[in-house]
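To be precise, the following lines are coords.tsv, and they hold TSV, N, CA and C atoms.
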chain	number	residue	atom	x	y	z
A	1435	MET	N	-65.99	12.55	71.87
A	1435	MET	CA	-66.25	13.85	71.28
A	1435	MET	C	-67.13	13.69	70.05
A	1436	TRP	N	-66.79	12.71	69.21
A	1436	TRP	CA	-67.55	12.51	67.99
A	1436	TRP	C	-68.99	12.09	68.31
A	1437	LEU	N	-69.18	11.24	69.31
A	1437	LEU	CA	-70.52	10.81	69.66
A	1437	LEU	C	-71.38	11.96	70.17
A	1438	GLN	N	-70.77	12.89	70.88
A	1438	GLN	CA	-71.52	13.99	71.46
A	1438	GLN	C	-71.76	15.14	70.48
A	1439	THR	N	-70.79	15.37	69.59
A	1439	THR	CA	-70.87	16.56	68.74
A	1439	THR	C	-70.99	16.25	67.25
A	1440	GLY	N	-70.63	15.04	66.86
A	1440	GLY	CA	-70.65	14.70	65.44
A	1440	GLY	C	-69.40	15.13	64.70
A	1441	VAL	N	-68.47	15.73	65.41
A	1441	VAL	CA	-67.19	16.14	64.80
A	1441	VAL	C	-66.04	15.62	65.69
A	1442	LEU	N	-64.89	15.49	65.07
A	1442	LEU	CA	-63.72	15.03	65.80
A	1442	LEU	C	-62.55	15.96	65.45
A	1443	PRO	N	-62.43	17.06	66.19
A	1443	PRO	CA	-61.36	18.01	65.88
A	1443	PRO	C	-59.98	17.44	66.26
A	1444	PRO	N	-58.95	17.89	65.57
A	1444	PRO	CA	-57.60	17.41	65.88
A	1444	PRO	C	-57.20	17.61	67.34
A	1445	SER	N	-57.69	18.68	67.95
A	1445	SER	CA	-57.33	18.93	69.35
A	1445	SER	C	-57.87	17.82	70.25
A	1446	ALA	N	-59.03	17.28	69.95
A	1446	ALA	CA	-59.58	16.17	70.75
A	1446	ALA	C	-58.74	14.92	70.57
A	1447	LEU	N	-58.30	14.65	69.36
A	1447	LEU	CA	-57.43	13.51	69.11
A	1447	LEU	C	-56.11	13.65	69.85
A	1448	MET	N	-55.59	14.87	69.87
A	1448	MET	CA	-54.31	15.11	70.54
A	1448	MET	C	-54.42	14.88	72.04
A	1449	VAL	N	-55.44	15.42	72.65
A	1449	VAL	CA	-55.62	15.24	74.09
A	1449	VAL	C	-55.89	13.77	74.40
A	1450	GLY	N	-56.68	13.11	73.57
A	1450	GLY	CA	-56.94	11.69	73.77
A	1450	GLY	C	-55.67	10.86	73.69
A	1451	ALA	N	-54.82	11.16	72.73
A	1451	ALA	CA	-53.55	10.44	72.60
A	1451	ALA	C	-52.65	10.72	73.80
A	1452	ALA	N	-52.63	11.97	74.24
A	1452	ALA	CA	-51.78	12.34	75.38
A	1452	ALA	C	-52.22	11.63	76.66
A	1453	ILE	N	-53.51	11.46	76.84
A	1453	ILE	CA	-54.02	10.77	78.03
A	1453	ILE	C	-53.90	9.25	77.86
A	1454	GLY	N	-53.98	8.78	76.63
A	1454	GLY	CA	-53.91	7.35	76.38
A	1454	GLY	C	-52.50	6.77	76.44
A	1455	LEU	N	-51.50	7.57	76.14
A	1455	LEU	CA	-50.13	7.05	76.17
A	1455	LEU	C	-49.72	6.50	77.54
A	1456	PRO	N	-50.04	7.18	78.65
A	1456	PRO	CA	-49.69	6.58	79.95
A	1456	PRO	C	-50.44	5.27	80.22
A	1457	ALA	N	-51.62	5.10	79.67
A	1457	ALA	CA	-52.32	3.82	79.81
A	1457	ALA	C	-51.52	2.73	79.10
A	1458	CYS	N	-50.96	3.06	77.96
A	1458	CYS	CA	-50.09	2.12	77.24
A	1458	CYS	C	-48.84	1.83	78.07
A	1459	ALA	N	-48.35	2.84	78.79
A	1459	ALA	CA	-47.17	2.64	79.64
A	1459	ALA	C	-47.47	1.68	80.77
A	1460	VAL	N	-48.69	1.74	81.31
A	1460	VAL	CA	-49.09	0.77	82.35
A	1460	VAL	C	-49.03	-0.64	81.78
A	1461	LEU	N	-49.55	-0.82	80.58
A	1461	LEU	CA	-49.50	-2.14	79.95
A	1461	LEU	C	-48.07	-2.57	79.67
A	1462	MET	N	-47.23	-1.63	79.26
A	1462	MET	CA	-45.82	-1.96	79.01
A	1462	MET	C	-45.13	-2.41	80.29
A	1463	ALA	N	-45.39	-1.71	81.39
A	1463	ALA	CA	-44.79	-2.11	82.67
A	1463	ALA	C	-45.28	-3.50	83.07
A	1464	ASN	N	-46.55	-3.76	82.87
A	1464	ASN	CA	-47.10	-5.08	83.18
A	1464	ASN	C	-46.43	-6.16	82.33
A	1465	ASN	N	-46.29	-5.90	81.05
A	1465	ASN	CA	-45.67	-6.88	80.16
A	1465	ASN	C	-44.19	-7.06	80.44
A	1466	CYS	N	-43.51	-6.00	80.84
A	1466	CYS	CA	-42.09	-6.14	81.20
A	1466	CYS	C	-41.93	-6.93	82.49
A	1467	ARG	N	-42.82	-6.71	83.43
A	1467	ARG	CA	-42.78	-7.46	84.68
A	1467	ARG	C	-42.87	-8.95	84.41
A	1468	ASP	N	-43.72	-9.33	83.46
A	1468	ASP	CA	-43.98	-10.73	83.16
A	1468	ASP	C	-43.25	-11.23	81.92
A	1469	LEU	N	-42.18	-10.57	81.54
A	1469	LEU	CA	-41.51	-10.86	80.28
A	1469	LEU	C	-41.10	-12.33	80.14
A	1470	GLU	N	-40.38	-12.85	81.10
A	1470	GLU	CA	-39.89	-14.23	80.98
A	1470	GLU	C	-41.02	-15.26	81.02
A	1471	PRO	N	-41.95	-15.17	81.99
A	1471	PRO	CA	-43.05	-16.15	81.97
A	1471	PRO	C	-43.88	-16.08	80.69
A	1472	ASP	N	-44.10	-14.86	80.18
A	1472	ASP	CA	-44.87	-14.72	78.94
A	1472	ASP	C	-44.12	-15.35	77.76
A	1473	ARG	N	-42.83	-15.15	77.71
A	1473	ARG	CA	-42.03	-15.72	76.63
A	1473	ARG	C	-42.08	-17.25	76.67
A	1474	LEU	N	-42.02	-17.81	77.88
A	1474	LEU	CA	-42.03	-19.27	78.03
A	1474	LEU	C	-43.32	-19.92	77.56
A	1475	VAL	N	-44.43	-19.21	77.66
A	1475	VAL	CA	-45.71	-19.79	77.22
A	1475	VAL	C	-46.09	-19.35	75.80
A	1476	GLY	N	-45.18	-18.65	75.12
A	1476	GLY	CA	-45.40	-18.32	73.73
A	1476	GLY	C	-46.15	-17.03	73.45
A	1477	ARG	N	-46.35	-16.20	74.46
A	1477	ARG	CA	-47.00	-14.91	74.20
A	1477	ARG	C	-46.06	-14.02	73.38
A	1478	ARG	N	-46.64	-13.15	72.62
A	1478	ARG	CA	-45.84	-12.25	71.79
A	1478	ARG	C	-46.23	-10.80	72.10
A	1479	THR	N	-45.98	-10.38	73.31
A	1479	THR	CA	-46.32	-9.01	73.71
A	1479	THR	C	-45.34	-8.03	73.08
A	1480	LEU	N	-45.68	-6.76	73.13
A	1480	LEU	CA	-44.79	-5.73	72.61
A	1480	LEU	C	-43.47	-5.75	73.36
A	1481	ALA	N	-43.51	-5.98	74.66
A	1481	ALA	CA	-42.27	-6.03	75.44
A	1481	ALA	C	-41.37	-7.16	74.97
A	1482	ILE	N	-41.94	-8.29	74.62
A	1482	ILE	CA	-41.14	-9.41	74.11
A	1482	ILE	C	-40.56	-9.06	72.75
A	1483	ARG	N	-41.37	-8.45	71.92
A	1483	ARG	CA	-40.89	-8.09	70.58
A	1483	ARG	C	-39.80	-7.03	70.62
A	1484	LEU	N	-39.92	-6.07	71.54
A	1484	LEU	CA	-38.93	-4.98	71.62
A	1484	LEU	C	-37.70	-5.37	72.41
A	1485	GLY	N	-37.85	-6.32	73.33
A	1485	GLY	CA	-36.75	-6.68	74.21
A	1485	GLY	C	-36.65	-5.68	75.35
A	1486	PRO	N	-35.81	-5.97	76.33
A	1486	PRO	CA	-35.71	-5.09	77.51
A	1486	PRO	C	-35.32	-3.65	77.19
A	1487	GLU	N	-34.33	-3.46	76.34
A	1487	GLU	CA	-33.89	-2.08	76.05
A	1487	GLU	C	-34.92	-1.33	75.21
A	1488	GLY	N	-35.50	-2.00	74.23
A	1488	GLY	CA	-36.54	-1.36	73.43
A	1488	GLY	C	-37.77	-1.02	74.26
A	1489	SER	N	-38.06	-1.88	75.23
A	1489	SER	CA	-39.21	-1.63	76.11
A	1489	SER	C	-38.96	-0.40	76.98
A	1490	LYS	N	-37.73	-0.24	77.43
A	1490	LYS	CA	-37.40	0.96	78.22
A	1490	LYS	C	-37.61	2.22	77.39
A	1491	ALA	N	-37.17	2.18	76.15
A	1491	ALA	CA	-37.34	3.34	75.27
A	1491	ALA	C	-38.82	3.60	74.98
A	1492	ALA	N	-39.57	2.53	74.74
A	1492	ALA	CA	-41.00	2.69	74.47
A	1492	ALA	C	-41.72	3.26	75.68
A	1493	TYR	N	-41.40	2.74	76.87
A	1493	TYR	CA	-42.02	3.25	78.09
A	1493	TYR	C	-41.71	4.74	78.25
A	1494	ALA	N	-40.46	5.11	78.03
A	1494	ALA	CA	-40.08	6.53	78.14
A	1494	ALA	C	-40.90	7.39	77.19
A	1495	GLY	N	-41.08	6.91	75.96
A	1495	GLY	CA	-41.89	7.66	75.00
A	1495	GLY	C	-43.35	7.77	75.42
A	1496	MET	N	-43.85	6.70	76.04
A	1496	MET	CA	-45.25	6.70	76.47
A	1496	MET	C	-45.49	7.61	77.67
A	1497	VAL	N	-44.47	7.80	78.48
A	1497	VAL	CA	-44.62	8.64	79.66
A	1497	VAL	C	-44.26	10.10	79.35
A	1498	LEU	N	-43.26	10.31	78.51
A	1498	LEU	CA	-42.83	11.68	78.21
A	1498	LEU	C	-43.54	12.26	76.98
A	1499	GLY	N	-44.03	11.40	76.11
A	1499	GLY	CA	-44.71	11.85	74.90
A	1499	GLY	C	-45.89	12.78	75.12
A	1500	PRO	N	-46.70	12.54	76.16
A	1500	PRO	CA	-47.85	13.44	76.36
A	1500	PRO	C	-47.46	14.92	76.50
A	1501	PHE	N	-46.30	15.19	77.06
A	1501	PHE	CA	-45.90	16.58	77.21
A	1501	PHE	C	-45.64	17.22	75.86
A	1502	ALA	N	-44.99	16.50	74.96
A	1502	ALA	CA	-44.74	17.02	73.61
A	1502	ALA	C	-46.06	17.26	72.89
A	1503	ILE	N	-47.00	16.33	73.04
A	1503	ILE	CA	-48.30	16.47	72.38
A	1503	ILE	C	-49.05	17.68	72.95
A	1504	LEU	N	-49.11	17.77	74.28
A	1504	LEU	CA	-49.91	18.82	74.91
A	1504	LEU	C	-49.26	20.20	74.80
A	1505	MET	N	-47.97	20.24	74.53
A	1505	MET	CA	-47.29	21.54	74.37
A	1505	MET	C	-47.33	22.02	72.92
A	1506	SER	N	-47.85	21.19	72.04
A	1506	SER	CA	-47.95	21.55	70.63
A	1506	SER	C	-48.85	22.76	70.45
A	1507	PRO	N	-48.53	23.61	69.49
A	1507	PRO	CA	-49.41	24.77	69.23
A	1507	PRO	C	-50.84	24.37	68.85
A	1508	ALA	N	-51.01	23.16	68.32
A	1508	ALA	CA	-52.35	22.72	67.91
A	1508	ALA	C	-53.17	22.20	69.10
A	1509	ALA	N	-52.51	21.97	70.24
A	1509	ALA	CA	-53.23	21.47	71.42
A	1509	ALA	C	-54.05	22.61	72.03
A	1510	PRO	N	-55.10	22.26	72.77
A	1510	PRO	CA	-56.00	23.29	73.28
A	1510	PRO	C	-55.52	23.98	74.56
A	1511	GLY	N	-54.25	24.29	74.68
A	1511	GLY	CA	-53.75	25.06	75.81
A	1511	GLY	C	-53.53	24.30	77.09
A	1512	ALA	N	-53.50	22.99	77.03
A	1512	ALA	CA	-53.39	22.19	78.26
A	1512	ALA	C	-51.95	21.95	78.68
A	1513	GLY	N	-51.01	22.20	77.81
A	1513	GLY	CA	-49.64	21.79	78.02
A	1513	GLY	C	-48.93	22.37	79.22
A	1514	TRP	N	-49.00	23.66	79.39
A	1514	TRP	CA	-48.21	24.30	80.44
A	1514	TRP	C	-48.63	23.84	81.83
A	1515	VAL	N	-49.88	23.61	82.04
A	1515	VAL	CA	-50.37	23.16	83.34
A	1515	VAL	C	-49.85	21.76	83.65
A	1516	THR	N	-49.77	20.92	82.63
A	1516	THR	CA	-49.33	19.53	82.86
A	1516	THR	C	-47.86	19.42	83.22
A	1517	LEU	N	-47.09	20.46	82.97
A	1517	LEU	CA	-45.67	20.41	83.33
A	1517	LEU	C	-45.47	20.23	84.84
A	1518	ALA	N	-46.50	20.49	85.62
A	1518	ALA	CA	-46.40	20.30	87.07
A	1518	ALA	C	-46.12	18.84	87.43
A	1519	VAL	N	-46.52	17.91	86.57
A	1519	VAL	CA	-46.31	16.49	86.85
A	1519	VAL	C	-45.09	15.94	86.08
A	1520	ALA	N	-44.38	16.78	85.37
A	1520	ALA	CA	-43.20	16.34	84.61
A	1520	ALA	C	-42.12	15.71	85.50
A	1521	PRO	N	-41.85	16.24	86.70
A	1521	PRO	CA	-40.84	15.57	87.53
A	1521	PRO	C	-41.21	14.12	87.86
A	1522	LEU	N	-42.48	13.85	88.07
A	1522	LEU	CA	-42.90	12.48	88.32
A	1522	LEU	C	-42.67	11.62	87.08
A	1523	ALA	N	-42.91	12.17	85.91
A	1523	ALA	CA	-42.69	11.42	84.67
A	1523	ALA	C	-41.22	11.03	84.52
A	1524	VAL	N	-40.34	11.97	84.79
A	1524	VAL	CA	-38.91	11.69	84.70
A	1524	VAL	C	-38.51	10.62	85.72
A	1525	LYS	N	-39.04	10.74	86.93
A	1525	LYS	CA	-38.75	9.74	87.96
A	1525	LYS	C	-39.24	8.36	87.53
A	1526	LEU	N	-40.41	8.28	86.94
A	1526	LEU	CA	-40.95	7.00	86.47
A	1526	LEU	C	-40.04	6.38	85.41
A	1527	VAL	N	-39.59	7.18	84.46
A	1527	VAL	CA	-38.72	6.67	83.40
A	1527	VAL	C	-37.42	6.13	83.98
A	1528	LEU	N	-36.83	6.88	84.90
A	1528	LEU	CA	-35.58	6.43	85.51
A	1528	LEU	C	-35.78	5.18	86.36
A	1529	THR	N	-36.88	5.13	87.09
A	1529	THR	CA	-37.17	3.95	87.91
A	1529	THR	C	-37.40	2.73	87.03
A	1530	PHE	N	-38.16	2.90	85.95
A	1530	PHE	CA	-38.42	1.80	85.02
A	1530	PHE	C	-37.11	1.26	84.46
A	1531	ALA	N	-36.22	2.18	84.07
A	1531	ALA	CA	-34.96	1.78	83.45
A	1531	ALA	C	-34.03	1.09	84.44
A	1532	GLY	N	-34.14	1.44	85.71
A	1532	GLY	CA	-33.19	0.92	86.69
A	1532	GLY	C	-33.71	-0.20	87.58
A	1533	THR	N	-34.96	-0.59	87.42
A	1533	THR	CA	-35.54	-1.62	88.28
A	1533	THR	C	-35.49	-2.97	87.58
A	1534	PRO	N	-34.97	-3.98	88.26
A	1534	PRO	CA	-34.99	-5.33	87.65
A	1534	PRO	C	-36.43	-5.80	87.45
A	1535	ARG	N	-36.66	-6.52	86.36
A	1535	ARG	CA	-38.01	-7.02	86.08
A	1535	ARG	C	-38.42	-8.00	87.17
A	1536	GLY	N	-39.71	-8.02	87.44
A	1536	GLY	CA	-40.26	-8.92	88.44
A	1536	GLY	C	-41.29	-8.21	89.29
A	1537	PRO	N	-41.55	-8.72	90.49
A	1537	PRO	CA	-42.59	-8.16	91.35
A	1537	PRO	C	-42.37	-6.68	91.71
A	1538	GLN	N	-41.12	-6.21	91.65
A	1538	GLN	CA	-40.84	-4.80	91.94
A	1538	GLN	C	-41.58	-3.87	90.98
A	1539	PHE	N	-41.94	-4.40	89.82
A	1539	PHE	CA	-42.63	-3.58	88.83
A	1539	PHE	C	-44.06	-3.25	89.23
A	1540	ASN	N	-44.59	-3.92	90.25
A	1540	ASN	CA	-45.94	-3.59	90.71
A	1540	ASN	C	-46.01	-2.14	91.17
A	1541	ARG	N	-44.97	-1.67	91.80
A	1541	ARG	CA	-44.94	-0.25	92.23
A	1541	ARG	C	-44.95	0.68	91.03
A	1542	ILE	N	-44.21	0.30	90.00
A	1542	ILE	CA	-44.17	1.12	88.79
A	1542	ILE	C	-45.55	1.14	88.13
A	1543	LEU	N	-46.22	0.00	88.12
A	1543	LEU	CA	-47.58	-0.05	87.56
A	1543	LEU	C	-48.49	0.94	88.26
A	1544	GLY	N	-48.51	0.90	89.58
A	1544	GLY	CA	-49.38	1.80	90.34
A	1544	GLY	C	-49.00	3.25	90.16
A	1545	ALA	N	-47.70	3.53	90.18
A	1545	ALA	CA	-47.24	4.91	90.02
A	1545	ALA	C	-47.56	5.44	88.63
A	1546	THR	N	-47.47	4.59	87.62
A	1546	THR	CA	-47.80	5.03	86.26
A	1546	THR	C	-49.29	5.32	86.13
A	1547	ALA	N	-50.12	4.51	86.76
A	1547	ALA	CA	-51.56	4.76	86.74
A	1547	ALA	C	-51.89	6.07	87.45
A	1548	ARG	N	-51.24	6.32	88.58
A	1548	ARG	CA	-51.45	7.59	89.29
A	1548	ARG	C	-50.98	8.77	88.44
A	1549	PHE	N	-49.86	8.59	87.76
A	1549	PHE	CA	-49.36	9.63	86.86
A	1549	PHE	C	-50.40	9.96	85.79
A	1550	GLN	N	-51.01	8.92	85.21
A	1550	GLN	CA	-52.03	9.15	84.19
A	1550	GLN	C	-53.20	9.95	84.75
A	1551	LEU	N	-53.63	9.61	85.95
A	1551	LEU	CA	-54.75	10.31	86.56
A	1551	LEU	C	-54.42	11.78	86.78
A	1552	VAL	N	-53.25	12.05	87.35
A	1552	VAL	CA	-52.85	13.45	87.61
A	1552	VAL	C	-52.70	14.20	86.29
A	1553	LEU	N	-52.09	13.55	85.30
A	1553	LEU	CA	-51.93	14.19	83.99
A	1553	LEU	C	-53.29	14.55	83.40
A	1554	ALA	N	-54.25	13.64	83.49
A	1554	ALA	CA	-55.58	13.89	82.93
A	1554	ALA	C	-56.27	15.04	83.65
A	1555	VAL	N	-56.16	15.09	84.96
A	1555	VAL	CA	-56.77	16.19	85.73
A	1555	VAL	C	-56.12	17.51	85.33
A	1556	LEU	N	-54.79	17.53	85.27
A	1556	LEU	CA	-54.11	18.78	84.90
A	1556	LEU	C	-54.42	19.19	83.46
A	1557	ALA	N	-54.53	18.23	82.56
A	1557	ALA	CA	-54.90	18.55	81.18
A	1557	ALA	C	-56.30	19.14	81.12
A	1558	ALA	N	-57.22	18.60	81.91
A	1558	ALA	CA	-58.58	19.14	81.95
A	1558	ALA	C	-58.57	20.56	82.49
A	1559	VAL	N	-57.81	20.79	83.54
A	1559	VAL	CA	-57.70	22.14	84.09
A	1559	VAL	C	-57.12	23.08	83.04
A	1560	GLY	N	-56.08	22.62	82.34
A	1560	GLY	CA	-55.47	23.44	81.30
A	1560	GLY	C	-56.46	23.77	80.20
A	1561	CYS	N	-57.27	22.80	79.82
A	1561	CYS	CA	-58.27	23.05	78.77
A	1561	CYS	C	-59.32	24.06	79.23
A	1562	LEU	N	-59.67	23.99	80.50
A	1562	LEU	CA	-60.68	24.93	81.04
A	1562	LEU	C	-60.13	26.34	81.15
A	1563	LEU	N	-58.84	26.45	81.41
A	1563	LEU	CA	-58.23	27.77	81.52
A	1563	LEU	C	-58.14	28.40	80.15

Can I see the file as structure tokens?
Amino acid sequence: MWLQTGVLPPSALMVGAAIGLPACAVLMANNCRDLEPDRLVGRRTLAIRLGPEGSKAAYAGMVLGPFAILMSPAAPGAGWVTLAVAPLAVKLVLTFAGTPRGPQFNRILGATARFQLVLAVLAAVGCLL
């Protein structure tokens, strides 16, 4: 936005954060999947620092947070349309919390990326409306 217009309104930052949080959730799922191997080689990912329970809470915030941001009065009207994908967000959070770490997390990675795509499309539609 800033490169195209020379200004960076708060609404652009809000939408950017809302779309970026699920990307962070993809990274969190990836890091949780590889938690033990990463720890053994000395990596210090956010998942390692937060531990399994903290990672679950962080993932939930990254997946559910966009709705709070987009429903804010300062957001550009995108929030209500994005609620169509809220059931998927809840399912992702529950699946993440209940799935043992390991290769099973590959499905969560893909589903989280798809969630981000659908959320972005719905947010764009909401902004256009």

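Of the listed residues (A:Gly1440, A:Gly1476, A:Gly1499, A:Pro1486), A:Gly1499 comes nearest to Ala1459 (chain A); the distances count only C-alpha atoms.
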
Quick one: contact table of region 1535-1558 of chain A to region 1505-1525 of chain A, 8 Å max, nearest atom pair and distance in Å to one decimal per residue, counting all atoms listed in the file, chain and number order, as JSON lines?
{"residue": "A:Phe1549", "atom": "CA", "partner": "A:Leu1522", "partner_atom": "C", "distance": 7.0}
{"residue": "A:Val1552", "atom": "C", "partner": "A:Val1519", "partner_atom": "CA", "distance": 6.8}
{"residue": "A:Leu1553", "atom": "CA", "partner": "A:Thr1516", "partner_atom": "CA", "distance": 6.0}
{"residue": "A:Ala1554", "atom": "N", "partner": "A:Thr1516", "partner_atom": "CA", "distance": 7.7}
{"residue": "A:Val1555", "atom": "C", "partner": "A:Thr1516", "partner_atom": "CA", "distance": 7.5}
{"residue": "A:Leu1556", "atom": "C", "partner": "A:Thr1516", "partner_atom": "N", "distance": 5.0}
{"residue": "A:Ala1557", "atom": "CA", "partner": "A:Ala1512", "partner_atom": "CA", "distance": 4.9}
{"residue": "A:Ala1558", "atom": "N", "partner": "A:Ala1512", "partner_atom": "CA", "distance": 6.4}

*asked:* Report, in Å with one decimal, the straight-line distance from atom C of Ala1452 (chain A) to atom C of Met1496 (chain A).
replied: 7.9 Å

*Determine which residues of region 1462-1527 of chain A receive a DSSP assignment of helix (DSSP H, G or I), computed from the backbone, and state them as a PyMOL selection string.*
chain A and resi 1462-1467+1469-1474+1480-1504+1513-1527

*Could you jot down the CA of Gly1544 (chain A) to CA of Leu1484 (chain A) separation for me, Å, one decimal place?*
22.5 Å

*Interatomic distance between CA of Leu1480 (chain A) and CA of Ala1446 (chain A)?*
26.5 Å

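Among the candidates A:Ile1482, A:Phe1501, A:Lys1490, A:Ala1545, the one nearest to Asn1465 (chain A) when counting all atoms listed in the file is A:Ile1482.
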
*Which polymer residues have any atom within 8 Å of an atom of Ala1451 (chain A), counting all atoms listed in the file, with same-chain residues fewer than 6 positions away left out, as a list in words?*
Ser1445, Gly1499, Pro1500, Ile1503 and Leu1504 of chain A

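Within the 12 Å cut-off around Leu1461 (chain A), using only C-alpha atoms and omitting residues fewer than 6 positions from it on the same chain, the listed residues are Gly1454, Leu1455, Arg1467, Asp1468, Leu1469, Thr1479, Leu1480, Ala1481, Ser1489, Ala1492, Tyr1493, Met1496, Val1497, Phe1539, Asn1540, Ile1542, Leu1543, Gly1544, Thr1546 and Ala1547 of chain A.
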
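Between Gly1536 (chain A) and the residues A:Cys1466, A:Arg1477, A:Gly1560, A:Arg1483, the shortest atom-to-atom distance, using all atoms listed in the file, involves A:Cys1466.
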